[in-house]
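Q: So that you have it, the file is upload-v2.pdb, and it contains PDB, C-alpha atoms:
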```pdb
MODEL        1
ATOM      1  CA  MET H  17     100.035 114.117  98.056  1.00  0.00           C
ATOM      2  CA  HIS H  18      97.256 112.185  99.780  1.00  0.00           C
ATOM      3  CA  GLY H  19      97.532 112.979 103.473  1.00  0.00           C
ATOM      4  CA  SER H  20      96.249 110.270 105.759  1.00  0.00           C
ATOM      5  CA  ALA H  21      93.068 109.358 103.846  1.00  0.00           C
ATOM      6  CA  PRO H  22      93.234 106.546 101.280  1.00  0.00           C
ATOM      7  CA  LEU H  23      92.704 107.791  97.765  1.00  0.00           C
ATOM      8  CA  VAL H  24      92.136 104.506  95.933  1.00  0.00           C
ATOM      9  CA  HIS H  25      89.272 102.429  97.263  1.00  0.00           C
ATOM     10  CA  LEU H  26      89.007  98.846  95.989  1.00  0.00           C
ATOM     11  CA  VAL H  27      85.507  97.407  96.434  1.00  0.00           C
ATOM     12  CA  CYS H  28      85.500  93.632  96.229  1.00  0.00           C
ATOM     13  CA  GLY H  29      83.039  90.815  96.636  1.00  0.00           C
ATOM     14  CA  PRO H  30      81.135  88.129  94.783  1.00  0.00           C
ATOM     15  CA  SER H  31      78.167  88.775  92.464  1.00  0.00           C
ATOM     16  CA  GLY H  32      75.147  90.228  94.208  1.00  0.00           C
ATOM     17  CA  ALA H  33      77.024  91.397  97.309  1.00  0.00           C
ATOM     18  CA  GLY H  34      76.125  95.060  96.688  1.00  0.00           C
ATOM     19  CA  LYS H  35      79.445  96.356  95.324  1.00  0.00           C
ATOM     20  CA  THR H  36      78.046  98.907  92.884  1.00  0.00           C
ATOM     21  CA  THR H  37      75.517 100.345  95.320  1.00  0.00           C
ATOM     22  CA  TYR H  38      78.203 100.570  98.002  1.00  0.00           C
ATOM     23  CA  ALA H  39      80.746 102.104  95.589  1.00  0.00           C
ATOM     24  CA  ARG H  40      78.288 104.785  94.473  1.00  0.00           C
ATOM     25  CA  ARG H  41      77.477 105.713  98.075  1.00  0.00           C
ATOM     26  CA  LEU H  42      81.170 105.824  98.924  1.00  0.00           C
ATOM     27  CA  CYS H  43      81.816 108.165  95.982  1.00  0.00           C
ATOM     28  CA  ASP H  44      79.076 110.473  97.204  1.00  0.00           C
ATOM     29  CA  ASP H  45      80.519 110.420 100.735  1.00  0.00           C
ATOM     30  CA  ILE H  46      84.130 111.150  99.748  1.00  0.00           C
ATOM     31  CA  GLY H  47      83.704 113.125  96.533  1.00  0.00           C
ATOM     32  CA  GLY H  48      85.360 110.353  94.537  1.00  0.00           C
ATOM     33  CA  VAL H  49      85.225 109.135  90.952  1.00  0.00           C
ATOM     34  CA  HIS H  50      83.510 105.775  90.405  1.00  0.00           C
ATOM     35  CA  PHE H  51      85.087 103.253  88.044  1.00  0.00           C
ATOM     36  CA  SER H  52      82.669 100.391  87.337  1.00  0.00           C
ATOM     37  CA  ILE H  53      83.950  97.534  85.200  1.00  0.00           C
ATOM     38  CA  ASP H  54      80.352  96.734  84.247  1.00  0.00           C
ATOM     39  CA  ASP H  55      79.869 100.252  82.877  1.00  0.00           C
ATOM     40  CA  TRP H  56      83.125 100.144  80.929  1.00  0.00           C
ATOM     41  CA  MET H  57      82.513  96.669  79.504  1.00  0.00           C
ATOM     42  CA  THR H  58      78.925  97.459  78.540  1.00  0.00           C
ATOM     43  CA  THR H  59      79.787 100.785  76.927  1.00  0.00           C
ATOM     44  CA  LEU H  60      82.946  99.719  75.111  1.00  0.00           C
ATOM     45  CA  PHE H  61      82.435  96.068  74.229  1.00  0.00           C
ATOM     46  CA  ALA H  62      78.850  94.783  74.623  1.00  0.00           C
ATOM     47  CA  ALA H  63      77.963  95.491  70.998  1.00  0.00           C
ATOM     48  CA  ASP H  64      80.971  93.427  69.869  1.00  0.00           C
ATOM     49  CA  ALA H  65      80.496  90.472  72.221  1.00  0.00           C
ATOM     50  CA  PRO H  66      80.558  87.030  70.643  1.00  0.00           C
ATOM     51  CA  PRO H  67      77.150  85.333  70.385  1.00  0.00           C
ATOM     52  CA  VAL H  68      78.340  82.488  72.618  1.00  0.00           C
ATOM     53  CA  PRO H  69      79.911  83.704  75.881  1.00  0.00           C
ATOM     54  CA  ASP H  70      83.702  83.383  75.777  1.00  0.00           C
ATOM     55  CA  TRP H  71      85.502  83.858  79.102  1.00  0.00           C
ATOM     56  CA  ASN H  72      88.878  84.558  77.433  1.00  0.00           C
ATOM     57  CA  TRP H  73      87.287  87.314  75.322  1.00  0.00           C
ATOM     58  CA  VAL H  74      85.873  88.897  78.484  1.00  0.00           C
ATOM     59  CA  VAL H  75      89.116  88.629  80.495  1.00  0.00           C
ATOM     60  CA  ASP H  76      91.160  90.257  77.724  1.00  0.00           C
ATOM     61  CA  ARG H  77      88.854  93.268  77.621  1.00  0.00           C
ATOM     62  CA  VAL H  78      88.577  93.529  81.396  1.00  0.00           C
ATOM     63  CA  GLN H  79      92.383  93.690  81.579  1.00  0.00           C
ATOM     64  CA  ARG H  80      92.520  96.428  78.939  1.00  0.00           C
ATOM     65  CA  ASN H  81      89.910  98.438  80.847  1.00  0.00           C
ATOM     66  CA  GLU H  82      91.760  97.886  84.103  1.00  0.00           C
ATOM     67  CA  SER H  83      94.967  99.316  82.612  1.00  0.00           C
ATOM     68  CA  GLN H  84      93.176 102.453  81.463  1.00  0.00           C
ATOM     69  CA  ILE H  85      91.345 102.802  84.785  1.00  0.00           C
ATOM     70  CA  ILE H  86      94.657 102.596  86.651  1.00  0.00           C
ATOM     71  CA  ALA H  87      96.155 105.280  84.400  1.00  0.00           C
ATOM     72  CA  MET H  88      93.186 107.553  85.067  1.00  0.00           C
ATOM     73  CA  THR H  89      93.364 106.797  88.802  1.00  0.00           C
ATOM     74  CA  VAL H  90      96.979 107.953  88.893  1.00  0.00           C
ATOM     75  CA  GLN H  91      96.004 111.207  87.169  1.00  0.00           C
ATOM     76  CA  LEU H  92      93.182 111.741  89.660  1.00  0.00           C
ATOM     77  CA  GLY H  93      95.495 110.960  92.566  1.00  0.00           C
ATOM     78  CA  ARG H  94      97.904 113.631  91.416  1.00  0.00           C
ATOM     79  CA  LEU H  95      94.976 116.040  91.672  1.00  0.00           C
ATOM     80  CA  ASN H  96      94.153 114.683  95.150  1.00  0.00           C
ATOM     81  CA  ILE H  97      90.832 113.268  93.886  1.00  0.00           C
ATOM     82  CA  PRO H  98      89.880 109.880  95.331  1.00  0.00           C
ATOM     83  CA  SER H  99      88.760 107.016  93.130  1.00  0.00           C
ATOM     84  CA  VAL H 100      86.554 104.050  93.869  1.00  0.00           C
ATOM     85  CA  HIS H 101      87.227 100.902  91.871  1.00  0.00           C
ATOM     86  CA  ASP H 102      84.166  98.705  91.411  1.00  0.00           C
ATOM     87  CA  LEU H 103      86.017  96.108  89.327  1.00  0.00           C
ATOM     88  CA  GLY H 104      84.754  92.988  91.051  1.00  0.00           C
ATOM     89  CA  PHE H 105      88.148  92.038  92.433  1.00  0.00           C
ATOM     90  CA  LEU H 106      87.140  88.392  92.635  1.00  0.00           C
ATOM     91  CA  GLY H 107      90.706  87.177  93.031  1.00  0.00           C
ATOM     92  CA  ARG H 108      93.781  88.059  95.021  1.00  0.00           C
ATOM     93  CA  ASP H 109      95.947  88.554  91.915  1.00  0.00           C
ATOM     94  CA  GLN H 110      93.795  91.383  90.583  1.00  0.00           C
ATOM     95  CA  ARG H 111      93.521  93.077  93.976  1.00  0.00           C
ATOM     96  CA  VAL H 112      97.279  92.901  94.562  1.00  0.00           C
ATOM     97  CA  ARG H 113      98.028  94.080  90.994  1.00  0.00           C
ATOM     98  CA  VAL H 114      95.754  97.145  91.178  1.00  0.00           C
ATOM     99  CA  ALA H 115      96.745  98.064  94.738  1.00  0.00           C
ATOM    100  CA  GLY H 116     100.418  97.667  93.806  1.00  0.00           C
ATOM    101  CA  ALA H 117     100.041  99.947  90.785  1.00  0.00           C
ATOM    102  CA  ALA H 118      98.329 102.581  92.927  1.00  0.00           C
ATOM    103  CA  ARG H 119     100.978 102.391  95.637  1.00  0.00           C
ATOM    104  CA  ALA H 120     103.784 102.507  93.050  1.00  0.00           C
ATOM    105  CA  ALA H 121     102.290 105.842  91.932  1.00  0.00           C
ATOM    106  CA  GLY H 122     102.408 107.103  95.519  1.00  0.00           C
ATOM    107  CA  LEU H 123      98.716 106.580  96.270  1.00  0.00           C
ATOM    108  CA  ALA H 124      97.243 104.966  99.360  1.00  0.00           C
ATOM    109  CA  THR H 125      94.744 102.119  99.044  1.00  0.00           C
ATOM    110  CA  ARG H 126      91.862 100.753 101.056  1.00  0.00           C
ATOM    111  CA  LEU H 127      90.127  97.445 100.428  1.00  0.00           C
ATOM    112  CA  HIS H 128      86.374  97.267 101.081  1.00  0.00           C
ATOM    113  CA  ILE H 129      85.005  93.721 101.265  1.00  0.00           C
ATOM    114  CA  LEU H 130      81.340  92.938 100.789  1.00  0.00           C
ATOM    115  CA  ASP H 131      79.922  89.463 101.107  1.00  0.00           C
ATOM    116  CA  LEU H 132      76.615  87.813 101.867  1.00  0.00           C
ATOM    117  CA  ASP H 133      75.136  84.347 101.918  1.00  0.00           C
ATOM    118  CA  ARG H 134      75.187  82.802  98.434  1.00  0.00           C
ATOM    119  CA  GLU H 135      71.399  82.365  98.116  1.00  0.00           C
ATOM    120  CA  GLU H 136      70.753  85.941  99.251  1.00  0.00           C
ATOM    121  CA  ARG H 137      73.178  87.145  96.596  1.00  0.00           C
ATOM    122  CA  TRP H 138      71.413  85.065  93.932  1.00  0.00           C
ATOM    123  CA  ARG H 139      68.046  86.474  95.094  1.00  0.00           C
ATOM    124  CA  ARG H 140      69.459  89.990  94.625  1.00  0.00           C
ATOM    125  CA  VAL H 141      70.844  89.160  91.172  1.00  0.00           C
ATOM    126  CA  ALA H 142      67.537  87.628  90.066  1.00  0.00           C
ATOM    127  CA  ALA H 143      65.695  90.729  91.324  1.00  0.00           C
ATOM    128  CA  ARG H 144      68.158  92.999  89.482  1.00  0.00           C
ATOM    129  CA  ASN H 145      67.606  90.935  86.303  1.00  0.00           C
ATOM    130  CA  ALA H 146      63.822  91.346  86.621  1.00  0.00           C
ATOM    131  CA  GLU H 147      63.765  95.021  87.631  1.00  0.00           C
ATOM    132  CA  LYS H 148      66.487  96.233  85.249  1.00  0.00           C
ATOM    133  CA  GLY H 149      67.030  99.174  87.600  1.00  0.00           C
ATOM    134  CA  GLU H 150      69.893 101.545  88.199  1.00  0.00           C
ATOM    135  CA  THR H 151      72.644  98.932  88.670  1.00  0.00           C
ATOM    136  CA  TYR H 152      71.486  96.554  85.905  1.00  0.00           C
ATOM    137  CA  ARG H 153      73.938  96.160  82.995  1.00  0.00           C
ATOM    138  CA  LEU H 154      73.285  92.635  81.725  1.00  0.00           C
ATOM    139  CA  THR H 155      71.178  89.630  82.591  1.00  0.00           C
ATOM    140  CA  VAL H 156      73.140  87.263  84.800  1.00  0.00           C
ATOM    141  CA  THR H 157      71.845  83.700  84.434  1.00  0.00           C
ATOM    142  CA  ARG H 158      72.164  81.156  87.227  1.00  0.00           C
ATOM    143  CA  PRO H 159      74.955  79.290  85.341  1.00  0.00           C
ATOM    144  CA  MET H 160      76.823  82.601  84.910  1.00  0.00           C
ATOM    145  CA  PHE H 161      76.330  83.405  88.595  1.00  0.00           C
ATOM    146  CA  ASP H 162      77.569  79.950  89.630  1.00  0.00           C
ATOM    147  CA  PHE H 163      80.627  80.199  87.358  1.00  0.00           C
ATOM    148  CA  VAL H 164      81.663  83.607  88.662  1.00  0.00           C
ATOM    149  CA  ASP H 165      80.898  82.569  92.235  1.00  0.00           C
ATOM    150  CA  ARG H 166      83.536  79.820  91.956  1.00  0.00           C
ATOM    151  CA  LEU H 167      86.123  82.502  91.094  1.00  0.00           C
ATOM    152  CA  TRP H 168      85.591  84.445  94.359  1.00  0.00           C
ATOM    153  CA  GLN H 169      88.605  84.338  96.668  1.00  0.00           C
ATOM    154  CA  PRO H 170      87.898  86.184  99.920  1.00  0.00           C
ATOM    155  CA  PRO H 171      90.883  88.320 100.936  1.00  0.00           C
ATOM    156  CA  SER H 172      93.158  86.778 103.530  1.00  0.00           C
ATOM    157  CA  ASP H 173      94.217  88.601 106.671  1.00  0.00           C
ATOM    158  CA  ASP H 174      97.707  89.188 105.244  1.00  0.00           C
ATOM    159  CA  GLU H 175      96.236  90.635 102.045  1.00  0.00           C
ATOM    160  CA  MET H 176      93.986  92.989 104.036  1.00  0.00           C
ATOM    161  CA  ALA H 177      96.990  94.074 106.107  1.00  0.00           C
ATOM    162  CA  ALA H 178      99.050  94.701 102.960  1.00  0.00           C
ATOM    163  CA  VAL H 179      96.330  96.550 101.017  1.00  0.00           C
ATOM    164  CA  GLY H 180      94.572  98.119 104.011  1.00  0.00           C
ATOM    165  CA  GLY H 181      90.940  97.412 104.595  1.00  0.00           C
ATOM    166  CA  GLY H 182      88.252  95.258 106.058  1.00  0.00           C
ATOM    167  CA  TYR H 183      84.680  94.069 105.779  1.00  0.00           C
ATOM    168  CA  ALA H 184      82.124  96.663 104.744  1.00  0.00           C
ATOM    169  CA  GLY H 185      79.024  94.474 104.819  1.00  0.00           C
ATOM    170  CA  GLY H 186      76.874  93.614 101.881  1.00  0.00           C
TER     171      GLY H 186
ENDMDL
END
```
Represent the structure contained in this file as structure tokens.

A:
Amino acid sequence: MHGSAPLVHLVCGPSGAGKTTYARRLCDDIGGVHFSIDDWMTTLFAADAPPVPDWNWVVDRVQRNESQIIAMTVQLGRLNIPSVHDLGFLGRDQRVRVAGAARAAGLATRLHILDLDREERWRRVAARNAEKGETYRLTVTRPMFDFVDRLWQPPSDDEMAAVGGGYAGG
């Protein structure tokens, strides 16, 4: 079904590492379909967001989106169309869950890891907030950045061996 090339690319890294830019370039290079959690969350749920940020509200909706993205990825895989998941993948559990679902459907996976120095990432996020350019979806405040940054779990060597992948830069 998928030959030797991975069909499901998982792009992970902390905020400001360049995941969306990298994922878009990768899609162009491989003729893949880009799944951005920021796009899905903004389109489907931003208008309904509670006035005070609620992490549980966000996580519930991210998980619903993830389930639908996986279902669509399986359909694309059956058509031999690669997909690029730009879902953040801050933690091991999410990466293992999505890669496992793809492999259970007979699809190969590749993990792409982007990371940079924390202050450089914050500089990029602040610039994105100010410019409101192509990858801007919402304003990320410094407290939001710091909170999400604490959630980042870099993939271990055994995880990279299991999922297939390595560092892509940042």

Q: Please enumerate the residues selected by the PyMOL selection byres ((chain H and resi 43) around 12) when evaluated against the supplied file, formatted as a ChimeraX atom specification.

A: /H:23-27,36-42,44-52,97-102

Q: Let's have the selection written as a tab-separated table (two decimals), in the coordinates of the input, with C-alpha atoms.

A:
```tsv
chain	number	residue	atom	x	y	z
H	23	LEU	CA	92.70	107.79	97.76
H	24	VAL	CA	92.14	104.51	95.93
H	25	HIS	CA	89.27	102.43	97.26
H	26	LEU	CA	89.01	98.85	95.99
H	27	VAL	CA	85.51	97.41	96.43
H	36	THR	CA	78.05	98.91	92.88
H	37	THR	CA	75.52	100.34	95.32
H	38	TYR	CA	78.20	100.57	98.00
H	39	ALA	CA	80.75	102.10	95.59
H	40	ARG	CA	78.29	104.78	94.47
H	41	ARG	CA	77.48	105.71	98.08
H	42	LEU	CA	81.17	105.82	98.92
H	44	ASP	CA	79.08	110.47	97.20
H	45	ASP	CA	80.52	110.42	100.74
H	46	ILE	CA	84.13	111.15	99.75
H	47	GLY	CA	83.70	113.12	96.53
H	48	GLY	CA	85.36	110.35	94.54
H	49	VAL	CA	85.22	109.14	90.95
H	50	HIS	CA	83.51	105.78	90.40
H	51	PHE	CA	85.09	103.25	88.04
H	52	SER	CA	82.67	100.39	87.34
H	97	ILE	CA	90.83	113.27	93.89
H	98	PRO	CA	89.88	109.88	95.33
H	99	SER	CA	88.76	107.02	93.13
H	100	VAL	CA	86.55	104.05	93.87
H	101	HIS	CA	87.23	100.90	91.87
H	102	ASP	CA	84.17	98.70	91.41
```

Q: For the structure provided, state which residues fall under the PyMOL selection byres ((chain H and resi 159-166) around 10), and present them as a PyMOL selection string.

A: chain H and resi 29-32+69+106+134+137-138+141-142+155-158+167-169

Q: Could you check the closest approach to Asp55 in chain H for each of H:Leu154, H:Cys28, H:Val112, H:Ile129 and tell me which residue wins, using only C-alpha atoms?

A: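 Among the listed residues, the smallest separation from Asp55 in chain H belongs to H:Leu154.
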
Q: I need the residue nearest Ala118 in chain H from this list: H:Asp173, H:Glu147, H:Asp131, H:Glu82. Use all atoms listed in the file for the distance.

A: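 Smallest separation from Ala118 in chain H among the options: H:Glu82.
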
Q: Here is a test: counting only C-alpha atoms, which residue of H:Thr59, H:Thr151, H:Pro171, H:Val114 is nearest to Ala87 in chain H?

A: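 For Ala87 in chain H, the nearest of the candidates is H:Val114.
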
Q: May I ask for the distance between CA of Ala63 in chain H and CA of Arg113 in chain H, given in Å to one decimal place?

A: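 It comes out at 28.4 Å.
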
Q: To one decimal place in Å, what is the distance between CA of Trp71 in chain H and CA of Glu135 in chain H?

A: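 Computing the Euclidean distance for CA of Trp71 in chain H and CA of Glu135 in chain H yields 23.7 Å.
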
Q: Where's the centre, and what are the edge lengths in Å to one decimal, of a box along x, y and z enclosing all listed atoms of range 166-177 of chain H padded 3 Å per side, as AutoDock Vina command-line options?

A:
```
--center_x 90.6 --center_y 86.9 --center_z 98.9 --size_x 20.2 --size_y 20.3 --size_z 21.6
```

Q: Pick the closest to Ala115 in chain H from H:Glu150, H:Glu175, H:Glu136, H:Asp76: which is it, counting only C-alpha atoms?

A: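 Distance minimum relative to Ala115 in chain H lands on H:Glu175.
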
Q: Go ahead and compute the interatomic distance for CA of Gly180 in chain H and CA of Tyr152 in chain H, in Å to one decimal.

A: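 Between these atoms lies a distance of 29.4 Å.
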
Q: Counting only C-alpha atoms, which of H:Ala65, H:Ile53, H:Leu123, H:Leu95 gets nearest to Asn81 in chain H?

A: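 Selected residue with least distance to Asn81 in chain H: H:Ile53.
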
Q: Find the residues with any atom within 10 Å of (87.4, 89.9, 108.7); use all atoms listed in the file and the coordinates as given in the file, and write the answer as a list in words.

A: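 Those residues, ordered by chain and then number, are Ile129, Pro170, Pro171, Ser172, Asp173, Met176, Gly181, Gly182, Tyr183 and Ala184 of chain H.
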
Q: How about saving the chosen residues, C-alpha atoms kept, as a compact mmCIF listing (two decimals), keeping the file's coordinate frame?

A:
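Written file, selection_37.txt:
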```
# COMPACT_ATOMS: atom_id res chain seq x y z
CA ILE H 129 85.00 93.72 101.26
CA PRO H 170 87.90 86.18 99.92
CA PRO H 171 90.88 88.32 100.94
CA SER H 172 93.16 86.78 103.53
CA ASP H 173 94.22 88.60 106.67
CA MET H 176 93.99 92.99 104.04
CA GLY H 181 90.94 97.41 104.60
CA GLY H 182 88.25 95.26 106.06
CA TYR H 183 84.68 94.07 105.78
CA ALA H 184 82.12 96.66 104.74
```
